[in-house]
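Visitor: Provided below: my_file-v2.tsv, containing TSV, C-alpha atoms.
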chain	number	residue	atom	x	y	z
A	277	MET	CA	0.00	0.00	0.00
A	278	LYS	CA	1.13	3.55	-0.69
A	279	ARG	CA	1.66	5.67	2.42
A	280	MET	CA	-0.33	8.82	3.23
A	281	LEU	CA	0.25	11.33	6.03
A	282	SER	CA	-1.71	14.24	7.44
A	283	GLY	CA	-1.65	16.43	10.54
A	284	ILE	CA	-4.06	18.91	12.08
A	285	LYS	CA	-3.40	21.61	14.67
A	286	PRO	CA	-5.39	21.40	17.94
A	287	THR	CA	-6.14	25.12	17.84
A	288	GLY	CA	-9.74	26.29	17.80
A	289	LYS	CA	-12.68	23.92	17.49
A	290	LEU	CA	-13.15	21.50	14.60
A	291	THR	CA	-15.66	22.71	12.04
A	292	LEU	CA	-17.96	21.11	9.52
A	293	GLY	CA	-15.47	22.37	6.94
A	294	ASN	CA	-12.69	20.34	8.59
A	295	TYR	CA	-14.88	17.25	8.45
A	296	ILE	CA	-15.95	17.63	4.82
A	297	GLY	CA	-12.62	18.87	3.49
A	298	ALA	CA	-10.31	16.50	5.37
A	299	ILE	CA	-11.59	14.02	7.95
A	300	ARG	CA	-14.30	12.58	5.69
A	301	GLU	CA	-11.65	11.86	3.08
A	302	PHE	CA	-9.40	10.15	5.65
A	303	ILE	CA	-12.18	7.66	6.38
A	304	LYS	CA	-12.14	6.66	2.71
A	305	TYR	CA	-8.37	6.66	2.45
A	306	GLN	CA	-7.75	4.38	5.46
A	307	ASP	CA	-8.80	1.36	3.41
A	308	GLU	CA	-6.70	2.38	0.41
A	309	TYR	CA	-3.46	3.64	1.99
A	310	GLU	CA	-1.18	3.09	4.95
A	311	MET	CA	-2.24	6.14	6.97
A	312	PHE	CA	-0.24	8.19	9.49
A	313	ILE	CA	-2.30	10.94	11.12
A	314	PHE	CA	-0.91	13.15	13.88
A	315	ILE	CA	-2.09	15.96	16.12
A	316	ALA	CA	0.26	18.85	15.27
A	317	ASN	CA	0.63	20.32	18.75
A	318	LEU	CA	4.16	21.60	18.08
A	319	HIS	CA	2.70	23.78	15.33
A	320	ALA	CA	0.04	25.05	17.72
A	321	ILE	CA	2.55	27.09	19.76
A	322	THR	CA	3.84	29.25	16.89
A	323	VAL	CA	1.33	31.80	18.23
A	324	PRO	CA	0.37	32.43	21.90
A	325	CYS	CA	-1.70	29.51	23.15
A	326	ASP	CA	-3.53	28.86	26.42
A	327	PRO	CA	-2.26	25.50	27.83
A	328	LYS	CA	-5.65	24.45	29.24
A	329	GLU	CA	-7.37	25.22	25.96
A	330	LEU	CA	-4.69	23.36	24.00
A	331	LYS	CA	-5.10	20.31	26.22
A	332	LYS	CA	-8.90	20.29	25.85
A	333	ASN	CA	-8.79	20.87	22.09
A	334	THR	CA	-6.29	18.03	21.69
A	335	LYS	CA	-8.45	15.56	23.60
A	336	ASP	CA	-11.56	16.66	21.69
A	337	LEU	CA	-9.72	16.31	18.40
A	338	ILE	CA	-8.66	12.73	19.09
A	339	ALA	CA	-12.13	11.72	20.26
A	340	LEU	CA	-13.78	13.38	17.25
A	341	TYR	CA	-11.40	11.68	14.82
A	342	LEU	CA	-12.38	8.33	16.28
A	343	ALA	CA	-16.07	9.27	16.35
A	344	CYS	CA	-15.91	10.25	12.68
A	345	GLY	CA	-14.75	6.74	11.82
A	346	LEU	CA	-10.95	6.63	11.93
A	347	ASP	CA	-10.00	3.08	12.88
A	348	PRO	CA	-6.83	2.84	15.03
A	349	LYS	CA	-6.33	-0.69	13.66
A	350	LYS	CA	-5.94	0.82	10.19
A	351	VAL	CA	-4.48	4.26	11.02
A	352	THR	CA	-1.45	5.27	13.09
A	353	LEU	CA	-2.85	8.16	15.17
A	354	PHE	CA	-0.36	9.98	17.42
A	355	LEU	CA	0.73	13.24	19.03
A	356	GLN	CA	3.49	15.10	17.21
A	357	SER	CA	5.19	16.04	20.50
A	358	ASP	CA	5.37	12.36	21.52
A	359	VAL	CA	7.82	11.65	18.68
A	360	HIS	CA	10.90	13.84	19.26
A	361	GLU	CA	12.26	13.05	15.79
A	362	HIS	CA	9.82	15.62	14.33
A	363	ALA	CA	11.63	18.50	16.05
A	364	GLU	CA	15.06	16.97	15.43
A	365	LEU	CA	14.59	16.53	11.69
A	366	GLY	CA	12.82	19.90	11.58
A	367	TRP	CA	16.07	21.60	12.64
A	368	MET	CA	18.13	19.69	10.10
A	369	LEU	CA	15.74	20.70	7.31
A	370	THR	CA	15.67	24.32	8.53
A	371	CYS	CA	19.40	24.32	7.81
A	372	HIS	CA	18.63	23.21	4.25
A	373	SER	CA	15.94	25.82	3.58
A	374	TYR	CA	16.34	29.36	2.31
A	375	MET	CA	15.05	32.60	3.81
A	376	GLY	CA	13.43	33.56	0.52
A	377	GLU	CA	11.42	30.32	0.43
A	378	LEU	CA	10.07	30.86	3.94
A	379	GLN	CA	9.28	34.52	3.28
A	380	ARG	CA	6.98	33.42	0.46
A	381	MET	CA	4.92	31.14	2.70
A	382	THR	CA	1.35	32.42	2.84
A	383	GLN	CA	0.75	32.50	6.59
A	384	TYR	CA	3.90	34.48	7.38
A	385	LYS	CA	3.57	36.73	4.33
A	386	ASP	CA	-0.06	37.59	5.14
A	387	LYS	CA	0.71	38.51	8.73
A	388	VAL	CA	3.60	40.73	7.65
A	389	ALA	CA	1.38	42.41	5.04
A	390	LYS	CA	-1.19	43.16	7.76
A	391	GLY	CA	1.51	44.80	9.86
A	392	GLU	CA	1.26	42.33	12.74
A	393	GLN	CA	3.97	42.73	15.35
A	394	ASN	CA	5.94	40.32	17.57
A	395	LEU	CA	5.78	37.41	15.14
A	396	THR	CA	7.71	34.41	16.47
A	397	ALA	CA	10.65	32.77	14.78
A	398	GLY	CA	8.59	29.58	14.95
A	399	LEU	CA	5.92	31.11	12.74
A	400	PHE	CA	8.61	31.86	10.17
A	401	THR	CA	10.31	28.45	10.25
A	402	TYR	CA	7.34	26.15	10.89
A	403	PRO	CA	7.17	25.08	7.19
A	404	CYS	CA	10.50	23.31	7.80
A	405	LEU	CA	8.95	21.39	10.68
A	406	MET	CA	6.00	20.61	8.41
A	407	ALA	CA	8.43	19.25	5.84
A	408	ALA	CA	9.98	17.08	8.55
A	409	ASP	CA	6.52	15.82	9.55
A	410	ILE	CA	6.02	14.54	6.03
A	411	LEU	CA	9.51	13.34	5.13
A	412	LEU	CA	10.00	11.37	8.36
A	413	TYR	CA	7.49	8.79	7.19
A	414	ASP	CA	8.33	8.53	3.48
A	415	ALA	CA	4.78	9.62	2.68
A	416	ASP	CA	3.80	9.15	-0.95
A	417	TYR	CA	0.77	11.43	-0.64
A	418	VAL	CA	-0.31	14.31	1.58
A	419	PRO	CA	-4.03	15.21	1.40
A	420	VAL	CA	-4.32	18.99	1.58
A	421	GLY	CA	-6.78	21.78	1.02
A	422	ILE	CA	-6.06	24.09	-1.88
A	423	ASP	CA	-4.54	26.70	0.46
A	424	GLN	CA	-2.08	24.17	1.97
A	425	LYS	CA	-0.67	22.87	-1.30
A	426	GLN	CA	2.16	25.42	-1.07
A	427	HIS	CA	3.61	23.65	1.97
A	428	VAL	CA	3.81	20.32	0.19
A	429	GLU	CA	5.52	22.01	-2.75
A	430	LEU	CA	8.14	23.43	-0.37
A	431	THR	CA	8.57	19.97	1.17
A	432	ARG	CA	9.18	18.55	-2.29
A	433	ASP	CA	11.82	21.22	-3.00
A	434	ILE	CA	13.62	20.50	0.29
A	435	ALA	CA	13.52	16.72	-0.29
A	436	ILE	CA	14.88	17.03	-3.82
A	437	ARG	CA	17.61	19.42	-2.65
A	438	PHE	CA	18.65	17.07	0.16
A	439	ASN	CA	18.60	14.02	-2.12
A	440	ASN	CA	20.76	15.80	-4.69
A	441	ARG	CA	23.33	16.81	-2.10
A	442	TYR	CA	23.59	13.64	-0.06
A	443	GLY	CA	22.11	10.86	-2.16
A	444	GLU	CA	18.68	9.25	-2.10
A	445	THR	CA	17.23	9.84	1.37
A	446	PHE	CA	13.64	11.03	1.18
A	447	VAL	CA	10.57	10.01	-0.79
A	448	VAL	CA	9.35	13.11	-2.67
A	449	PRO	CA	5.65	13.42	-1.72
A	450	GLU	CA	2.71	14.38	-3.91
A	451	PRO	CA	-0.07	16.72	-2.73
A	452	LEU	CA	-3.52	15.18	-3.02
A	453	VAL	CA	-6.15	17.92	-3.31
A	454	THR	CA	-9.72	16.72	-2.84
A	455	LYS	CA	-12.01	17.93	-5.63
A	456	VAL	CA	-15.50	17.73	-4.14
A	457	GLY	CA	-15.97	19.59	-0.90
A	458	ALA	CA	-12.31	20.56	-0.79
A	459	LYS	CA	-13.25	23.89	0.71
A	460	ILE	CA	-16.32	24.83	2.75
A	461	TYR	CA	-16.98	28.53	3.08
A	462	SER	CA	-18.27	30.90	5.76
A	463	LEU	CA	-22.07	30.97	6.10
A	464	THR	CA	-22.05	34.78	6.42
A	465	GLU	CA	-19.23	35.61	3.97
A	466	PRO	CA	-19.27	32.78	1.42
A	467	THR	CA	-16.12	33.97	-0.35
A	468	LYS	CA	-14.09	33.23	2.82
A	469	LYS	CA	-13.10	29.78	4.06
A	470	MET	CA	-15.02	28.38	7.05
A	471	SER	CA	-12.41	28.71	9.78
A	472	LYS	CA	-11.71	27.31	13.24
A	473	SER	CA	-10.54	30.77	14.30
A	474	GLU	CA	-13.53	32.73	12.99
A	475	ASN	CA	-14.78	35.52	15.29
A	476	ASP	CA	-18.36	35.51	13.96
A	477	ASP	CA	-20.04	32.46	15.50
A	478	LYS	CA	-22.85	32.50	12.92
A	479	SER	CA	-20.41	31.96	10.07
A	480	THR	CA	-19.12	28.59	11.24
A	481	ILE	CA	-20.65	25.27	12.20
A	482	TYR	CA	-18.55	23.49	14.80
A	483	LEU	CA	-18.68	19.71	15.17
A	484	LEU	CA	-19.55	20.17	18.86
A	485	ASP	CA	-22.24	22.82	18.24
A	486	ASP	CA	-25.69	22.12	19.62
A	487	PRO	CA	-27.31	20.39	16.60
A	488	LYS	CA	-30.37	22.63	16.77
A	489	LEU	CA	-28.15	25.74	16.82
A	490	ALA	CA	-26.32	24.42	13.76
A	491	LYS	CA	-29.64	24.03	11.98
A	492	LYS	CA	-30.46	27.67	12.75
A	493	LYS	CA	-27.11	28.75	11.32
A	494	ILE	CA	-27.97	27.01	8.05
A	495	MET	CA	-31.37	28.71	7.95
A	496	SER	CA	-29.75	32.14	8.36
A	497	ALA	CA	-26.90	31.47	5.89
A	498	VAL	CA	-26.29	34.16	3.25
A	499	THR	CA	-27.51	33.29	-0.26
A	500	ASP	CA	-28.43	35.85	-2.97
A	501	SER	CA	-31.33	37.67	-4.62
A	502	LEU	CA	-31.42	35.64	-7.85
A	503	GLY	CA	-33.90	33.10	-6.50
A	504	ILE	CA	-32.69	30.34	-8.84
A	505	ILE	CA	-31.38	27.07	-7.44
A	506	GLN	CA	-28.31	26.19	-9.46
A	507	TYR	CA	-24.66	25.41	-8.75
A	508	ASP	CA	-22.80	28.59	-9.67
A	509	PRO	CA	-19.90	29.24	-7.22
A	510	GLU	CA	-18.86	32.45	-8.98
A	511	ASN	CA	-22.23	34.23	-9.05
A	512	GLN	CA	-24.00	32.38	-6.20
A	513	PRO	CA	-21.22	31.41	-3.75
A	514	GLY	CA	-23.52	31.13	-0.72
A	515	LEU	CA	-25.93	28.77	-2.45
A	516	ALA	CA	-23.07	26.74	-3.94
A	517	ASN	CA	-21.60	26.36	-0.45
A	518	LEU	CA	-24.88	25.04	0.93
A	519	LEU	CA	-25.27	22.61	-1.96
A	520	THR	CA	-21.72	21.34	-1.34
A	521	ILE	CA	-22.51	20.75	2.34
A	522	GLN	CA	-25.69	18.83	1.50
A	523	ALA	CA	-23.96	16.73	-1.16
A	524	ALA	CA	-21.08	15.86	1.17
A	525	LEU	CA	-23.24	14.82	4.11
A	526	SER	CA	-26.03	13.09	2.19
A	527	GLY	CA	-24.00	11.44	-0.55
A	528	GLU	CA	-26.37	12.78	-3.20
A	529	ALA	CA	-24.79	14.46	-6.22
A	530	ILE	CA	-25.11	18.25	-6.44
A	531	GLU	CA	-26.71	17.89	-9.88
A	532	SER	CA	-29.43	15.66	-8.41
A	533	ILE	CA	-30.17	18.10	-5.58
A	534	VAL	CA	-30.42	20.99	-8.02
A	535	GLU	CA	-32.77	19.01	-10.25
A	536	ARG	CA	-35.06	18.15	-7.30
A	537	TYR	CA	-35.35	21.80	-6.35
A	538	GLN	CA	-36.19	23.28	-9.74
A	539	GLY	CA	-38.96	25.83	-9.26
A	540	LYS	CA	-38.61	25.79	-5.46
A	541	GLY	CA	-37.25	28.42	-3.07
A	542	TYR	CA	-34.13	28.77	-0.97
A	543	GLY	CA	-36.08	28.38	2.27
A	544	GLU	CA	-37.23	24.87	1.42
A	545	LEU	CA	-33.70	23.85	0.43
A	546	LYS	CA	-32.26	25.28	3.65
A	547	LYS	CA	-34.75	23.25	5.71
A	548	GLU	CA	-33.51	20.04	4.15
A	549	ILE	CA	-29.84	20.98	4.59
A	550	GLY	CA	-30.48	22.11	8.18
A	551	ALA	CA	-32.13	18.77	8.99
A	552	THR	CA	-29.22	16.89	7.39
A	553	VAL	CA	-26.66	18.86	9.44
A	554	GLU	CA	-28.67	18.43	12.66
A	555	SER	CA	-28.93	14.67	12.18
A	556	PHE	CA	-25.23	14.35	11.31
A	557	LEU	CA	-24.07	16.29	14.38
A	558	SER	CA	-26.43	14.46	16.74
A	559	ASP	CA	-25.09	11.09	15.66
A	560	LEU	CA	-21.46	12.23	15.72
A	561	GLN	CA	-21.71	13.78	19.18
A	562	GLU	CA	-23.25	10.65	20.68
A	563	LYS	CA	-20.27	8.63	19.44
A	564	TYR	CA	-17.88	11.35	20.70
A	565	ARG	CA	-19.33	11.21	24.22
A	566	ASP	CA	-19.12	7.41	24.29
A	567	ILE	CA	-15.46	7.49	23.22
A	568	LEU	CA	-14.49	10.04	25.90
A	569	ALA	CA	-16.28	7.98	28.54
A	570	SER	CA	-14.53	4.78	27.43
A	571	GLY	CA	-11.01	6.14	28.03
A	572	ILE	CA	-9.61	4.59	24.85
A	573	CYS	CA	-7.96	7.81	23.62
A	574	GLU	CA	-4.93	7.29	25.88
A	575	SER	CA	-4.26	3.75	24.67
A	576	VAL	CA	-4.76	4.76	21.02
A	577	LEU	CA	-2.12	7.49	21.38
A	578	ALA	CA	0.29	5.19	23.21
A	579	ASP	CA	0.07	2.62	20.43
A	580	GLY	CA	0.35	5.37	17.80
A	581	LYS	CA	3.48	6.79	19.42
A	582	GLN	CA	5.17	3.39	19.41
A	583	GLN	CA	4.35	2.73	15.76
A	584	ALA	CA	5.29	6.22	14.56
A	585	GLN	CA	8.53	6.37	16.53
A	586	ALA	CA	9.73	3.07	15.09
A	587	VAL	CA	9.52	4.58	11.59
A	588	ALA	CA	10.79	8.04	12.53
A	589	PHE	CA	13.85	6.73	14.39
A	590	LYS	CA	15.09	4.85	11.32
A	591	LYS	CA	14.68	7.88	9.08
A	592	VAL	CA	16.52	10.26	11.43
A	593	ARG	CA	19.33	7.73	11.87
A	594	LYS	CA	19.70	7.62	8.08
A	595	VAL	CA	19.73	11.43	7.81
A	596	LYS	CA	22.36	11.73	10.56
A	597	LYS	CA	24.56	9.26	8.73
A	598	LYS	CA	24.20	11.25	5.48
A	599	LEU	CA	25.10	14.50	7.26
A	600	GLY	CA	28.19	13.05	8.95
A	601	PHE	CA	26.79	13.01	12.48
A	602	GLN	CA	27.43	9.29	12.89
A	603	ILE	CA	31.19	9.10	13.52
A	604	PHE	CA	31.40	5.43	14.53
A	605	SER	CA	29.83	2.51	12.73
What is this structure when it is put down as structure tokens?
Guide:
Amino acid sequence: MKRMLSGIKPTGKLTLGNYIGAIREFIKYQDEYEMFIFIANLHAITVPCDPKELKKNTKDLIALYLACGLDPKKVTLFLQSDVHEHAELGWMLTCHSYMGELQRMTQYKDKVAKGEQNLTAGLFTYPCLMAADILLYDADYVPVGIDQKQHVELTRDIAIRFNNRYGETFVVPEPLVTKVGAKIYSLTEPTKKMSKSENDDKSTIYLLDDPKLAKKKIMSAVTDSLGIIQYDPENQPGLANLLTIQAALSGEAIESIVERYQGKGYGELKKEIGATVESFLSDLQEKYRDILASGICESVLADGKQQAQAVAFKKVRKVKKKLGFQIFS
């Protein structure tokens, strides 16, 4: 089986967009690939972070992953900070990256453009740690949203550069961008991505929202004044976003939904989507509560650490040998 890797930061609360754009795809991939999925808590501290909140978000994230259908018998699920090789290889790759490359990374560049002050060195260099996350495990594929593809491209550049200098060391990964539901947008500003860090609560549906509240958010979602139900992301982004959500959660094709609603109004469509979201969240949250009560999260992470570290140790040992760190055989 080809190997796939992905990580998610335990900052903010998981959204419906995270589920549709990433987690839902992982459930499919776990039967097709050897999956390594980690909680990227080292990346979480590139900006100020409340320790209690980080701890709670991390536990919620693990439980929600399992509730969504990730099977620890098929997937290696672990904490990034439990495997010290991530930070170790991250430094080695930082020393093989260029300032200009990191200055072009979107997150850093955007914050500089906005005039934000007191940016940490970690925020500048974290793409090198992200490259280490991927290259440690010889991942063939990295599933990413459209806005994260840049990081995989940097990882490829670093891997190729290292391989050229020291001989074949790393597998050069491919980004895998999901096509349907790759990006879910804000319910109030449908040209912006639905975000975990959004300030406007009405714009985002969180996986741990009260299901009835989530339904209300769908009912109040921004659409348009055209009054025609069709899939047109450019001219009707709000409606297109709602159709994408319904298609992702129901499994019905967007074309079929549009055809069923010919001659009908937005209100009727929103009722169906609201009911779909409410039902989905109710079921998910019941599983989430059962998982937290069972106490299995700790054992899943312990097993994941052991499996991940066995792979990571071998890769770092190989890199050290290539760099000349290993002075005795």
Visitor: Just how far from CA of Gly600 (chain A) is CA of Cys404 (chain A), in Å to one decimal?
Guide: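 Here the two named atoms are 20.5 Å from each other.
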Visitor: Show which residues sit within 12 Å of Ala586 (chain A), as JSON, numbers by chain. Count only C-alpha atoms, and ignore same-chain residues fewer than 5 positions away.
Guide: {"A": [352, 359, 360, 361, 412, 413, 579, 580, 581, 591, 592, 593]}
Visitor: Name the residues in contact with region 498-504 of chain A at a cut-off of 10 Å, using only C-alpha atoms, excluding same-chain residues fewer than 3 positions from it; report them as a list in words.
Guide: Ser462, Leu463, Thr464, Glu465, Pro466, Ser479, Lys493, Ile494, Met495, Tyr507, Asn511, Gln512, Pro513, Gly514, Leu515, Ala516, Asn517, Leu518, Val534, Tyr537, Gln538, Gly539, Lys540, Gly541 and Tyr542 of chain A
Visitor: I need the residue nearest Ser357 (chain A) from this list: A:Phe589, A:Tyr295, A:Phe314, A:Phe400. Use only C-alpha atoms for the distance.
Guide: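 Closest residue, counting only C-alpha atoms: A:Phe314.
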Visitor: Which one of A:Val587, A:Val595, A:Lys547, A:Leu519 sits closest to Trp367 (chain A) if you count all atoms listed in the file?
Guide: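 Distance minimum relative to Trp367 (chain A) lands on A:Val595.
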Visitor: With a distance cut-off of 6 Å and only C-alpha atoms, select the neighbouring residues of Met470 (chain A), excluding the residue or stretch itself and same-chain residues fewer than 2 positions from it, and output the selection as a PyMOL selection string.
Guide: chain A and resi 460-462+480
Visitor: N, CA, C and O atoms for region 293-312 of chain A, written as a PDB file, in the coordinates of the input, could you do that?
Guide:
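What landed in part_3.pdb:
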ATOM      1  N   GLY A 293     -16.404  22.261   8.055  1.00  0.00           N
ATOM      2  CA  GLY A 293     -15.470  22.370   6.940  1.00  0.00           C
ATOM      3  C   GLY A 293     -14.291  21.428   7.095  1.00  0.00           C
ATOM      4  O   GLY A 293     -13.834  20.815   6.128  1.00  0.00           O
ATOM      5  N   ASN A 294     -13.772  21.290   8.328  1.00  0.00           N
ATOM      6  CA  ASN A 294     -12.690  20.340   8.590  1.00  0.00           C
ATOM      7  C   ASN A 294     -13.139  18.916   8.294  1.00  0.00           C
ATOM      8  O   ASN A 294     -12.387  18.114   7.737  1.00  0.00           O
ATOM      9  N   TYR A 295     -14.371  18.607   8.680  1.00  0.00           N
ATOM     10  CA  TYR A 295     -14.880  17.250   8.450  1.00  0.00           C
ATOM     11  C   TYR A 295     -15.013  16.964   6.959  1.00  0.00           C
ATOM     12  O   TYR A 295     -14.510  15.956   6.457  1.00  0.00           O
ATOM     13  N   ILE A 296     -15.680  17.868   6.242  1.00  0.00           N
ATOM     14  CA  ILE A 296     -15.950  17.630   4.820  1.00  0.00           C
ATOM     15  C   ILE A 296     -14.665  17.697   3.993  1.00  0.00           C
ATOM     16  O   ILE A 296     -14.445  16.879   3.101  1.00  0.00           O
ATOM     17  N   GLY A 297     -13.817  18.667   4.301  1.00  0.00           N
ATOM     18  CA  GLY A 297     -12.620  18.870   3.490  1.00  0.00           C
ATOM     19  C   GLY A 297     -11.495  17.903   3.779  1.00  0.00           C
ATOM     20  O   GLY A 297     -10.662  17.640   2.918  1.00  0.00           O
ATOM     21  N   ALA A 298     -11.459  17.341   5.008  1.00  0.00           N
ATOM     22  CA  ALA A 298     -10.310  16.500   5.370  1.00  0.00           C
ATOM     23  C   ALA A 298     -10.714  15.178   6.008  1.00  0.00           C
ATOM     24  O   ALA A 298     -10.456  14.116   5.458  1.00  0.00           O
ATOM     25  N   ILE A 299     -11.359  15.245   7.165  1.00  0.00           N
ATOM     26  CA  ILE A 299     -11.590  14.020   7.950  1.00  0.00           C
ATOM     27  C   ILE A 299     -12.419  13.006   7.167  1.00  0.00           C
ATOM     28  O   ILE A 299     -12.136  11.799   7.182  1.00  0.00           O
ATOM     29  N   ARG A 300     -13.442  13.476   6.468  1.00  0.00           N
ATOM     30  CA  ARG A 300     -14.300  12.580   5.690  1.00  0.00           C
ATOM     31  C   ARG A 300     -13.484  11.818   4.642  1.00  0.00           C
ATOM     32  O   ARG A 300     -13.736  10.641   4.373  1.00  0.00           O
ATOM     33  N   GLU A 301     -12.498  12.501   4.073  1.00  0.00           N
ATOM     34  CA  GLU A 301     -11.650  11.860   3.080  1.00  0.00           C
ATOM     35  C   GLU A 301     -10.735  10.811   3.724  1.00  0.00           C
ATOM     36  O   GLU A 301     -10.459   9.772   3.139  1.00  0.00           O
ATOM     37  N   PHE A 302     -10.263  11.105   4.965  1.00  0.00           N
ATOM     38  CA  PHE A 302      -9.400  10.150   5.650  1.00  0.00           C
ATOM     39  C   PHE A 302     -10.107   8.811   5.851  1.00  0.00           C
ATOM     40  O   PHE A 302      -9.478   7.756   5.792  1.00  0.00           O
ATOM     41  N   ILE A 303     -11.399   8.888   6.139  1.00  0.00           N
ATOM     42  CA  ILE A 303     -12.180   7.660   6.380  1.00  0.00           C
ATOM     43  C   ILE A 303     -12.135   6.780   5.126  1.00  0.00           C
ATOM     44  O   ILE A 303     -12.013   5.560   5.215  1.00  0.00           O
ATOM     45  N   LYS A 304     -12.214   7.415   3.966  1.00  0.00           N
ATOM     46  CA  LYS A 304     -12.140   6.660   2.710  1.00  0.00           C
ATOM     47  C   LYS A 304     -10.720   6.136   2.477  1.00  0.00           C
ATOM     48  O   LYS A 304     -10.524   4.996   2.071  1.00  0.00           O
ATOM     49  N   TYR A 305      -9.758   6.994   2.757  1.00  0.00           N
ATOM     50  CA  TYR A 305      -8.370   6.660   2.450  1.00  0.00           C
ATOM     51  C   TYR A 305      -7.820   5.528   3.318  1.00  0.00           C
ATOM     52  O   TYR A 305      -6.884   4.831   2.913  1.00  0.00           O
ATOM     53  N   GLN A 306      -8.348   5.345   4.538  1.00  0.00           N
ATOM     54  CA  GLN A 306      -7.750   4.380   5.460  1.00  0.00           C
ATOM     55  C   GLN A 306      -7.826   2.936   4.952  1.00  0.00           C
ATOM     56  O   GLN A 306      -7.081   2.075   5.421  1.00  0.00           O
ATOM     57  N   ASP A 307      -8.718   2.689   4.007  1.00  0.00           N
ATOM     58  CA  ASP A 307      -8.800   1.360   3.410  1.00  0.00           C
ATOM     59  C   ASP A 307      -7.944   1.235   2.150  1.00  0.00           C
ATOM     60  O   ASP A 307      -7.755   0.129   1.639  1.00  0.00           O
ATOM     61  N   GLU A 308      -7.458   2.376   1.667  1.00  0.00           N
ATOM     62  CA  GLU A 308      -6.700   2.380   0.410  1.00  0.00           C
ATOM     63  C   GLU A 308      -5.208   2.629   0.608  1.00  0.00           C
ATOM     64  O   GLU A 308      -4.403   2.277  -0.246  1.00  0.00           O
ATOM     65  N   TYR A 309      -4.848   3.256   1.738  1.00  0.00           N
ATOM     66  CA  TYR A 309      -3.460   3.640   1.990  1.00  0.00           C
ATOM     67  C   TYR A 309      -3.035   3.247   3.396  1.00  0.00           C
ATOM     68  O   TYR A 309      -3.865   3.022   4.278  1.00  0.00           O
ATOM     69  N   GLU A 310      -1.724   3.194   3.601  1.00  0.00           N
ATOM     70  CA  GLU A 310      -1.180   3.090   4.950  1.00  0.00           C
ATOM     71  C   GLU A 310      -1.172   4.518   5.512  1.00  0.00           C
ATOM     72  O   GLU A 310      -0.414   5.366   5.051  1.00  0.00           O
ATOM     73  N   MET A 311      -2.005   4.774   6.505  1.00  0.00           N
ATOM     74  CA  MET A 311      -2.240   6.140   6.970  1.00  0.00           C
ATOM     75  C   MET A 311      -1.494   6.455   8.261  1.00  0.00           C
ATOM     76  O   MET A 311      -1.535   5.682   9.220  1.00  0.00           O
ATOM     77  N   PHE A 312      -0.812   7.617   8.272  1.00  0.00           N
ATOM     78  CA  PHE A 312      -0.240   8.190   9.490  1.00  0.00           C
ATOM     79  C   PHE A 312      -0.922   9.538   9.698  1.00  0.00           C
ATOM     80  O   PHE A 312      -0.830  10.422   8.836  1.00  0.00           O
TER      81      PHE A 312
END
